[in-house]
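data26.cif follows; it contains mmCIF, C-alpha atoms and all ligand atoms.
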```cif
data_protein
loop_
_atom_site.label_atom_id
_atom_site.label_comp_id
_atom_site.auth_asym_id
_atom_site.auth_seq_id
_atom_site.Cartn_x
_atom_site.Cartn_y
_atom_site.Cartn_z
CA MET A 659 33.54 -33.38 -80.49
CA ARG A 660 34.03 -34.40 -84.12
CA ILE A 661 35.22 -31.86 -86.64
CA LEU A 662 34.40 -32.54 -90.28
CA ARG A 663 35.67 -30.50 -93.20
CA THR A 664 34.36 -32.27 -96.28
CA ILE A 665 30.83 -32.90 -97.53
CA ALA A 666 31.63 -36.59 -98.15
CA GLU A 667 32.80 -37.12 -94.52
CA MET A 668 29.72 -35.34 -93.21
CA LYS A 669 27.36 -37.43 -95.33
CA THR A 670 29.09 -40.68 -94.37
CA LEU A 671 28.79 -39.86 -90.67
CA ARG A 672 25.15 -38.83 -91.14
CA ARG A 673 24.28 -42.26 -92.53
CA GLU A 674 25.44 -43.84 -89.25
CA TRP A 675 22.70 -42.31 -87.11
CA GLN A 676 18.98 -42.75 -87.02
CA SER A 677 18.48 -40.76 -83.80
CA SER A 678 17.39 -37.13 -83.72
CA LEU A 679 19.82 -34.56 -85.08
CA GLY A 680 19.62 -30.86 -84.20
CA PHE A 681 21.49 -28.43 -86.43
CA VAL A 682 22.77 -24.89 -85.79
CA PRO A 683 24.06 -23.11 -88.92
CA THR A 684 26.48 -20.24 -88.15
CA MET A 685 29.14 -18.10 -89.77
CA GLY A 686 31.40 -18.51 -86.73
CA TYR A 687 32.98 -15.94 -84.41
CA LEU A 688 30.58 -17.34 -81.88
CA HIS A 689 28.92 -15.62 -78.93
CA GLU A 690 26.22 -16.40 -76.37
CA GLY A 691 23.50 -15.93 -79.03
CA HIS A 692 24.90 -18.87 -81.02
CA LEU A 693 25.50 -20.92 -77.86
CA SER A 694 21.86 -20.45 -76.80
CA LEU A 695 20.87 -22.21 -80.04
CA VAL A 696 23.33 -25.06 -79.39
CA ARG A 697 22.01 -25.49 -75.82
CA GLN A 698 18.41 -25.57 -77.05
CA SER A 699 19.32 -28.13 -79.69
CA LYS A 700 21.06 -30.28 -77.07
CA SER A 701 17.94 -30.21 -74.90
CA GLU A 702 15.74 -31.40 -77.79
CA ASN A 703 17.95 -33.81 -79.78
CA LYS A 704 20.24 -36.76 -79.18
CA THR A 705 22.99 -35.23 -81.32
CA THR A 706 23.79 -31.59 -82.12
CA ALA A 707 25.77 -30.43 -85.15
CA THR A 708 26.92 -26.84 -85.66
CA SER A 709 28.24 -25.57 -88.97
CA ILE A 710 30.76 -22.78 -89.31
CA PHE A 711 30.73 -21.42 -92.83
CA ILE A 712 31.08 -17.81 -93.94
CA ASN A 713 28.86 -18.04 -96.97
CA PRO A 714 30.30 -15.90 -99.77
CA ALA A 715 26.98 -16.13 -101.68
CA GLN A 716 25.12 -13.95 -99.17
CA PHE A 717 27.60 -11.04 -99.29
CA ALA A 718 27.47 -8.40 -102.03
CA PRO A 719 30.86 -7.37 -103.52
CA ASN A 720 30.80 -4.11 -101.47
CA GLU A 721 30.08 -5.92 -98.19
CA ASP A 722 32.32 -7.27 -95.43
CA PHE A 723 32.97 -10.88 -96.57
CA LYS A 724 36.77 -10.47 -96.45
CA ALA A 725 36.73 -8.58 -93.15
CA TYR A 726 34.15 -10.84 -91.44
CA PRO A 727 35.70 -11.93 -88.11
CA ARG A 728 37.16 -15.44 -88.03
CA ASP A 729 38.65 -17.41 -85.12
CA ALA A 730 38.14 -21.14 -85.57
CA GLN A 731 40.18 -22.17 -82.52
CA ARG A 732 38.13 -19.95 -80.22
CA ASP A 733 34.85 -21.15 -81.82
CA LEU A 734 35.80 -24.82 -81.37
CA LYS A 735 36.64 -24.26 -77.70
CA MET A 736 33.30 -22.56 -77.11
CA LEU A 737 31.41 -25.36 -78.86
CA GLU A 738 33.31 -28.00 -76.89
CA GLY A 739 32.42 -26.06 -73.73
CA VAL A 740 28.67 -26.39 -74.29
CA GLY A 741 28.85 -30.05 -75.32
CA ASN A 742 28.25 -29.64 -79.06
CA ASP A 743 28.81 -33.02 -80.75
CA ILE A 744 29.72 -32.28 -84.38
CA VAL A 745 31.22 -29.29 -86.18
CA PHE A 746 30.90 -29.06 -89.94
CA MET A 747 33.36 -26.59 -91.49
CA PRO A 748 33.25 -26.97 -95.27
CA ASP A 749 35.44 -25.13 -97.76
CA ALA A 750 33.83 -22.49 -99.99
CA THR A 751 35.47 -24.16 -102.98
CA GLU A 752 33.68 -27.43 -102.18
CA MET A 753 30.33 -25.75 -101.43
CA TYR A 754 30.54 -23.64 -104.61
CA PRO A 755 32.87 -25.28 -107.15
CA ALA A 756 33.58 -23.37 -110.36
CA SER A 757 30.81 -25.32 -112.12
CA TYR A 758 28.19 -24.32 -109.51
CA SER A 759 24.90 -22.99 -110.97
CA THR A 760 21.84 -23.89 -108.86
CA TRP A 761 20.10 -21.35 -106.61
CA VAL A 762 17.12 -21.29 -104.27
CA ASP A 763 15.46 -17.94 -104.85
CA MET A 764 12.32 -16.97 -102.90
CA GLU A 765 9.94 -14.26 -104.14
CA GLY A 766 7.96 -11.81 -102.04
CA ILE A 767 9.19 -11.31 -98.47
CA THR A 768 12.85 -11.52 -99.54
CA GLY A 769 12.45 -8.20 -101.39
CA ARG A 770 11.55 -6.28 -98.23
CA LEU A 771 13.63 -4.88 -95.33
CA GLU A 772 17.09 -6.51 -95.46
CA GLY A 773 16.37 -7.77 -98.99
CA ALA A 774 15.57 -4.25 -100.21
CA VAL A 775 18.89 -2.88 -98.92
CA ARG A 776 20.93 -6.02 -99.68
CA PRO A 777 19.71 -7.32 -103.08
CA GLY A 778 20.61 -10.98 -103.55
CA HIS A 779 21.36 -11.51 -99.86
CA PHE A 780 18.51 -13.93 -99.20
CA LYS A 781 19.18 -15.88 -102.40
CA GLY A 782 22.58 -16.66 -100.86
CA VAL A 783 21.03 -17.51 -97.50
CA THR A 784 18.29 -19.82 -98.80
CA THR A 785 20.73 -21.57 -101.13
CA VAL A 786 23.34 -22.30 -98.47
CA VAL A 787 20.79 -23.36 -95.87
CA ALA A 788 19.09 -25.68 -98.38
CA LYS A 789 22.50 -27.18 -99.23
CA LEU A 790 23.36 -27.63 -95.54
CA PHE A 791 19.96 -29.23 -94.87
CA ASN A 792 20.62 -31.68 -97.73
CA ILE A 793 24.07 -32.53 -96.41
CA LEU A 794 23.13 -32.94 -92.73
CA GLU A 795 19.45 -33.95 -92.99
CA PRO A 796 18.66 -32.56 -89.53
CA HIS A 797 15.35 -33.25 -87.78
CA ARG A 798 15.38 -29.75 -86.27
CA ALA A 799 17.29 -26.59 -87.16
CA TYR A 800 17.81 -23.61 -84.86
CA PHE A 801 17.78 -19.92 -85.81
CA GLY A 802 17.82 -16.66 -83.86
CA GLN A 803 15.04 -14.06 -83.72
CA LYS A 804 17.88 -11.53 -83.98
CA ASP A 805 17.66 -12.14 -87.74
CA ALA A 806 13.85 -12.10 -87.77
CA GLN A 807 13.41 -11.87 -91.54
CA GLN A 808 15.94 -14.67 -92.09
CA ALA A 809 14.02 -16.90 -89.67
CA LEU A 810 10.78 -16.14 -91.54
CA VAL A 811 12.42 -16.84 -94.90
CA ILE A 812 13.92 -20.17 -93.75
CA ARG A 813 10.62 -21.30 -92.21
CA LYS A 814 8.85 -20.46 -95.49
CA MET A 815 11.50 -22.20 -97.61
CA ALA A 816 11.18 -25.38 -95.52
CA LYS A 817 7.39 -25.28 -95.94
CA ASP A 818 7.36 -24.33 -99.65
CA LEU A 819 9.92 -27.01 -100.54
CA ASN A 820 8.39 -29.66 -98.22
CA MET A 821 11.65 -30.11 -96.35
CA ASN A 822 11.70 -32.68 -93.54
CA VAL A 823 12.99 -30.32 -90.89
CA ASP A 824 11.38 -28.42 -88.02
CA ILE A 825 12.55 -24.82 -87.78
CA VAL A 826 12.99 -23.58 -84.19
CA VAL A 827 13.44 -19.85 -83.57
CA MET A 828 15.02 -18.70 -80.29
CA PRO A 829 14.93 -15.25 -78.60
CA THR A 830 17.62 -12.62 -79.17
CA VAL A 831 20.44 -12.75 -76.61
CA ARG A 832 21.61 -9.28 -75.53
CA GLU A 833 24.51 -7.63 -73.73
CA THR A 834 23.60 -6.18 -70.30
CA ASP A 835 23.01 -2.74 -71.87
CA GLY A 836 20.57 -4.23 -74.40
CA LEU A 837 22.79 -4.35 -77.50
CA ALA A 838 21.95 -7.54 -79.40
CA MET A 839 24.95 -9.86 -79.50
CA SER A 840 26.48 -10.02 -82.98
CA SER A 841 29.78 -11.18 -84.44
CA ARG A 842 29.95 -7.73 -86.06
CA ASN A 843 29.96 -5.88 -82.69
CA ILE A 844 33.74 -6.48 -82.62
CA TYR A 845 34.09 -3.88 -85.42
CA LEU A 846 32.72 -1.07 -83.19
CA ASN A 847 35.15 1.38 -81.57
CA ALA A 848 34.38 2.53 -78.00
CA GLU A 849 32.37 5.55 -79.10
CA GLU A 850 30.37 3.59 -81.67
CA ARG A 851 29.75 0.84 -79.13
CA ARG A 852 28.21 3.41 -76.74
CA SER A 853 26.06 4.89 -79.54
CA ALA A 854 24.89 1.46 -80.67
CA THR A 855 22.74 1.05 -77.55
CA VAL A 856 20.30 3.43 -79.29
CA LEU A 857 19.00 0.49 -81.34
CA TYR A 858 17.52 -1.31 -78.37
CA ARG A 859 16.55 1.93 -76.61
CA SER A 860 14.48 2.94 -79.65
CA LEU A 861 12.84 -0.50 -79.80
CA ILE A 862 11.93 -0.32 -76.11
CA MET A 863 10.44 3.13 -76.67
CA ALA A 864 8.36 1.72 -79.54
CA ARG A 865 7.06 -1.00 -77.24
CA GLU A 866 6.22 1.56 -74.52
CA LEU A 867 4.32 3.75 -76.99
CA PHE A 868 2.41 0.70 -78.23
CA THR A 869 1.63 -0.46 -74.68
CA GLY A 870 0.42 3.08 -73.92
CA GLY A 871 -2.18 2.68 -76.69
CA GLU A 872 -0.45 4.20 -79.76
CA ARG A 873 -1.44 2.31 -82.93
CA ASP A 874 -0.27 4.80 -85.59
CA ALA A 875 2.90 3.21 -87.05
CA ALA A 876 4.15 6.50 -88.55
CA LYS A 877 4.03 8.23 -85.16
CA ILE A 878 6.06 5.48 -83.50
CA LYS A 879 8.57 5.37 -86.38
CA ASP A 880 8.99 9.17 -86.26
CA ARG A 881 9.85 9.00 -82.56
CA MET A 882 12.33 6.18 -83.22
CA LEU A 883 13.95 8.05 -86.12
CA ALA A 884 14.31 11.19 -83.99
CA MET A 885 15.94 9.23 -81.17
CA ILE A 886 18.40 7.49 -83.50
CA GLU A 887 19.18 10.64 -85.51
CA ALA A 888 20.16 12.36 -82.26
CA GLU A 889 23.16 9.98 -82.16
CA ALA A 890 25.83 11.69 -84.25
CA LEU A 891 27.50 8.39 -85.27
CA ALA A 892 24.31 6.63 -86.43
CA TRP A 893 23.30 6.39 -90.11
CA ILE A 894 19.88 4.85 -90.59
CA ASP A 895 19.25 2.29 -93.37
CA TYR A 896 15.62 1.76 -92.32
CA VAL A 897 13.18 1.74 -89.42
CA SER A 898 10.18 -0.44 -90.12
CA ILE A 899 6.93 -1.53 -88.52
CA ALA A 900 5.63 -4.36 -90.66
CA ASP A 901 3.14 -7.20 -90.61
CA MET A 902 4.80 -10.24 -88.96
CA GLU A 903 3.87 -12.57 -91.83
CA THR A 904 3.99 -10.52 -95.03
CA LEU A 905 6.53 -7.91 -93.88
CA GLU A 906 4.38 -5.23 -95.55
CA GLU A 907 4.64 -1.85 -93.83
CA LEU A 908 1.70 -1.20 -91.50
CA THR A 909 -0.14 2.11 -91.26
CA LEU A 910 -2.24 0.97 -88.33
CA ILE A 911 -0.79 -1.61 -85.94
CA ASP A 912 -3.79 -3.94 -85.81
CA SER A 913 -2.02 -7.27 -86.37
CA PRO A 914 1.15 -8.87 -84.93
CA ALA A 915 3.95 -6.54 -85.97
CA LEU A 916 7.71 -6.71 -86.41
CA VAL A 917 9.51 -3.52 -85.43
CA SER A 918 12.92 -3.73 -87.07
CA LEU A 919 15.79 -1.48 -87.94
CA ALA A 920 19.19 -1.38 -89.61
CA VAL A 921 21.66 1.30 -88.63
CA ARG A 922 25.29 1.91 -89.59
CA PHE A 923 27.94 3.05 -87.13
CA GLY A 924 31.04 3.88 -89.16
CA LYS A 925 31.63 0.80 -91.32
CA THR A 926 29.53 -1.46 -89.09
CA ARG A 927 25.95 -2.25 -90.02
CA LEU A 928 23.78 -3.52 -87.16
CA ILE A 929 20.23 -4.87 -87.17
CA ASP A 930 17.76 -5.52 -84.36
CA ASN A 931 14.04 -6.05 -83.83
CA ILE A 932 11.22 -6.72 -81.42
CA THR A 933 7.70 -7.98 -82.01
CA LEU A 934 4.49 -6.24 -80.95
P1 LIG A 1001 25.39 -15.83 -87.85
O1 LIG A 1001 26.62 -16.55 -87.41
O2 LIG A 1001 25.40 -14.37 -87.58
O3 LIG A 1001 24.98 -16.18 -89.26
O4 LIG A 1001 24.22 -16.39 -86.93
C1 LIG A 1001 23.95 -17.76 -86.83
C2 LIG A 1001 22.64 -17.94 -86.10
O5 LIG A 1001 22.73 -17.35 -84.80
C3 LIG A 1001 21.47 -17.25 -86.81
O6 LIG A 1001 20.32 -18.07 -86.73
C4 LIG A 1001 21.30 -15.99 -86.00
O7 LIG A 1001 19.99 -15.47 -86.03
C5 LIG A 1001 21.64 -16.47 -84.60
N1 LIG A 1001 22.03 -15.34 -83.75
C6 LIG A 1001 22.95 -14.38 -84.03
N2 LIG A 1001 22.98 -13.47 -83.03
C7 LIG A 1001 22.07 -13.87 -82.11
C8 LIG A 1001 21.63 -13.33 -80.85
N3 LIG A 1001 22.13 -12.21 -80.35
N4 LIG A 1001 20.67 -14.01 -80.19
C9 LIG A 1001 20.12 -15.15 -80.71
N5 LIG A 1001 20.50 -15.69 -81.87
C10 LIG A 1001 21.45 -15.07 -82.57
#
```
Encoding of this model in structure tokens:
Amino acid sequence: MRILRTIAEMKTLRREWQSSLGFVPTMGYLHEGHLSLVRQSKSENKTTATSIFINPAQFAPNEDFKAYPRDAQRDLKMLEGVGNDIVFMPDATEMYPASYSTWVDMEGITGRLEGAVRPGHFKGVTTVVAKLFNILEPHRAYFGQKDAQQALVIRKMAKDLNMNVDIVVMPTVRETDGLAMSSRNIYLNAEERRSATVLYRSLIMARELFTGGERDAAKIKDRMLAMIEAEALAWIDYVSIADMETLEELTLIDSPALVSLAVRFGKTRLIDNITL
């Protein structure tokens, strides 16, 4: 496995191959969710590159950039274990030098859900992913459905900006009790960890209500809110049932829908979703 820490090294290596390159962008502190993307990339491409970069541009000043979990040695071992070929670990000072002033800023869907609660978040995401795509020039790039809005935003950016990359979105990998795997789960204490299972339980309930014929989004959301509010440690940012494409809130569920939620447990903010 080759480990590259500068943009120049990465670009030089990139020029050496013509064969298909799959790319998995991450912020590190890897888990099975990330590894599922690496495995999928390996099955579809000759070479797989994973980046580890905690992107300061997507964190607001009040968010957890400084506290975000980091363990490069552990990450590298895990990547080696699944046969990842290249790791790109750039420095923030090289990605965003003092003179830096160019941003990719999408309108519309980036203002909803996560974008409504975290203003500027997606501007940081689209900018860093565009930069990474320019540096690595991958044929395919792999993202998780866990961050459903992010996957939608990246797919749209690639289309709007005519980027030469196929975006592949893979299912959410969960713990055995249903909690979506996340680097941030490490922040949870034992009590919060038990409470956090309410996210997936509420999503499953939404699916059951929908399967049972319920199409009134407000009724399903009310049941979800009641279930989550019953958990003393849970503070709800939002519970949403929105159109899969536009992310506009639905009144009647008569088109493919994204059921998504963001809930805080102590200092830890978790998100999850399913599609109907
Ligand atoms: P992150 O390191 O959190 O920025 O995530 C890097 C990539 O892994 C993103 O495309 C995420 O959507 C994806 N990812 C994170 N958690 C999971 C999960 N539990 N299942 C599948 N993909 C995930």
Inset, instruction - Using only C-alpha atoms, find the one residue out of A:Ala838, A:Ile665, A:Ala888, A:Leu919 that sits nearest to Ala864 of chain A. - result: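 Result for the nearest residue to Ala864 of chain A: A:Leu919.
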Inset, instruction - Would you please work out which residue, of A:Val917, A:Leu695, A:Ile929, A:Ala854, is nearest to Leu905 of chain A when using all atoms listed in the file? - result: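 Nearest to Leu905 of chain A: A:Val917.
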Nearby residues, ligand LIG 1001 (chain A), 7 Å, only C-alpha atoms and all ligand atoms, as a PDB file with C-alpha atoms, in the coordinates of the input:
```
ATOM      1  CA  VAL A 682      22.770 -24.890 -85.790  1.00  0.00           C
ATOM      2  CA  PRO A 683      24.060 -23.110 -88.920  1.00  0.00           C
ATOM      3  CA  THR A 684      26.480 -20.240 -88.150  1.00  0.00           C
ATOM      4  CA  MET A 685      29.140 -18.100 -89.770  1.00  0.00           C
ATOM      5  CA  GLY A 686      31.400 -18.510 -86.730  1.00  0.00           C
ATOM      6  CA  LEU A 688      30.580 -17.340 -81.880  1.00  0.00           C
ATOM      7  CA  GLY A 691      23.500 -15.930 -79.030  1.00  0.00           C
ATOM      8  CA  HIS A 692      24.900 -18.870 -81.020  1.00  0.00           C
ATOM      9  CA  SER A 694      21.860 -20.450 -76.800  1.00  0.00           C
ATOM     10  CA  LEU A 695      20.870 -22.210 -80.040  1.00  0.00           C
ATOM     11  CA  TYR A 800      17.810 -23.610 -84.860  1.00  0.00           C
ATOM     12  CA  PHE A 801      17.780 -19.920 -85.810  1.00  0.00           C
ATOM     13  CA  GLY A 802      17.820 -16.660 -83.860  1.00  0.00           C
ATOM     14  CA  GLN A 803      15.040 -14.060 -83.720  1.00  0.00           C
ATOM     15  CA  LYS A 804      17.880 -11.530 -83.980  1.00  0.00           C
ATOM     16  CA  ASP A 805      17.660 -12.140 -87.740  1.00  0.00           C
ATOM     17  CA  MET A 828      15.020 -18.700 -80.290  1.00  0.00           C
ATOM     18  CA  PRO A 829      14.930 -15.250 -78.600  1.00  0.00           C
ATOM     19  CA  THR A 830      17.620 -12.620 -79.170  1.00  0.00           C
ATOM     20  CA  VAL A 831      20.440 -12.750 -76.610  1.00  0.00           C
ATOM     21  CA  ARG A 832      21.610  -9.280 -75.530  1.00  0.00           C
ATOM     22  CA  ALA A 838      21.950  -7.540 -79.400  1.00  0.00           C
ATOM     23  CA  MET A 839      24.950  -9.860 -79.500  1.00  0.00           C
ATOM     24  CA  SER A 840      26.480 -10.020 -82.980  1.00  0.00           C
ATOM     25  CA  SER A 841      29.780 -11.180 -84.440  1.00  0.00           C
TER      26      SER A 841
END
```
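Closest approach to Asn843 of chain A among A:Gly680, A:Pro748, A:Gly924, A:Gly871 is made by A:Gly924 (distances from only C-alpha atoms).
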Legend entry - Proximity to Val897 of chain A - best of A:Glu690, A:Glu772, A:Asp733, A:Asp824, all atoms listed in the file: A:Glu772
Inset, instruction - Record the distance separating atom CA of Ala816 of chain A and atom CA of Ala788 of chain A, expressed in Å with one decimal. - result: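 Distance reported for this atom pair: 8.4 Å.
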Legend entry - From A:Asn847, A:Met863, A:Glu667, A:Ile899, residue lying nearest Ala884 of chain A [only C-alpha atoms]: A:Met863
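Nearest to Ala730 of chain A of all the residues A:Pro777, A:Ile661, A:Ser860, A:Ile767 is A:Ile661, based on only C-alpha atoms.
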For segment 770-773 of chain A, I'd like the enclosing box, axis-aligned and padded by 6 Å on every side, reported as JSON with centre and edge lengths in Å to one decimal.
```
{"center_x": 14.3, "center_y": -6.3, "center_z": -97.2, "size_x": 17.5, "size_y": 14.9, "size_z": 15.7}
```
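Rounded to one decimal, atom CA of Phe780 of chain A and atom CA of Gln807 of chain A lie 9.4 Å from each other.
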Inset, instruction - Could you check how far atom CA of Lys877 of chain A sits from atom CA of Gln808 of chain A, in Å to one decimal? - result: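 Between atom CA of Lys877 of chain A and atom CA of Gln808 of chain A the gap is 26.7 Å.
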Inset, instruction - Please provide the set of residues having any atom within 12 Å of Gly739 of chain A, restricted to all atoms listed in the file, with same-chain residues fewer than 4 positions apart removed, written as a VMD selection string. - result: chain A and resid 659 690 693 696 to 697 732 to 735 743
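Every protein or nucleic acid residue with an atom no more than 9 Å from Lys925 of chain A, counting only C-alpha atoms and leaving out same-chain residues fewer than 3 positions away, appears here: Tyr845, Leu846 and Arg922 of chain A.
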Inset, instruction - Just give me the residues with any atom within 6 Å of (28.8, -27.4, -85.3), file coordinates, counting all atoms listed in the file, written as a PyMOL selection string. - result: chain A and resi 707-709+744-746
Legend entry - Test item: residues at most 10 Å from Lys814 of chain A, all atoms listed in the file, excluding those fewer than 4 positions along its chain, as a ChimeraX atom specification: /A:764,767,808-810,818-820,825
Inset, instruction - Write out as number ranges by chain which residues come within 10 Å of Leu867 of chain A when counting all atoms listed in the file, dropping same-chain ones fewer than 6 positions away. - result: A: 861, 873-874, 877-878, 881
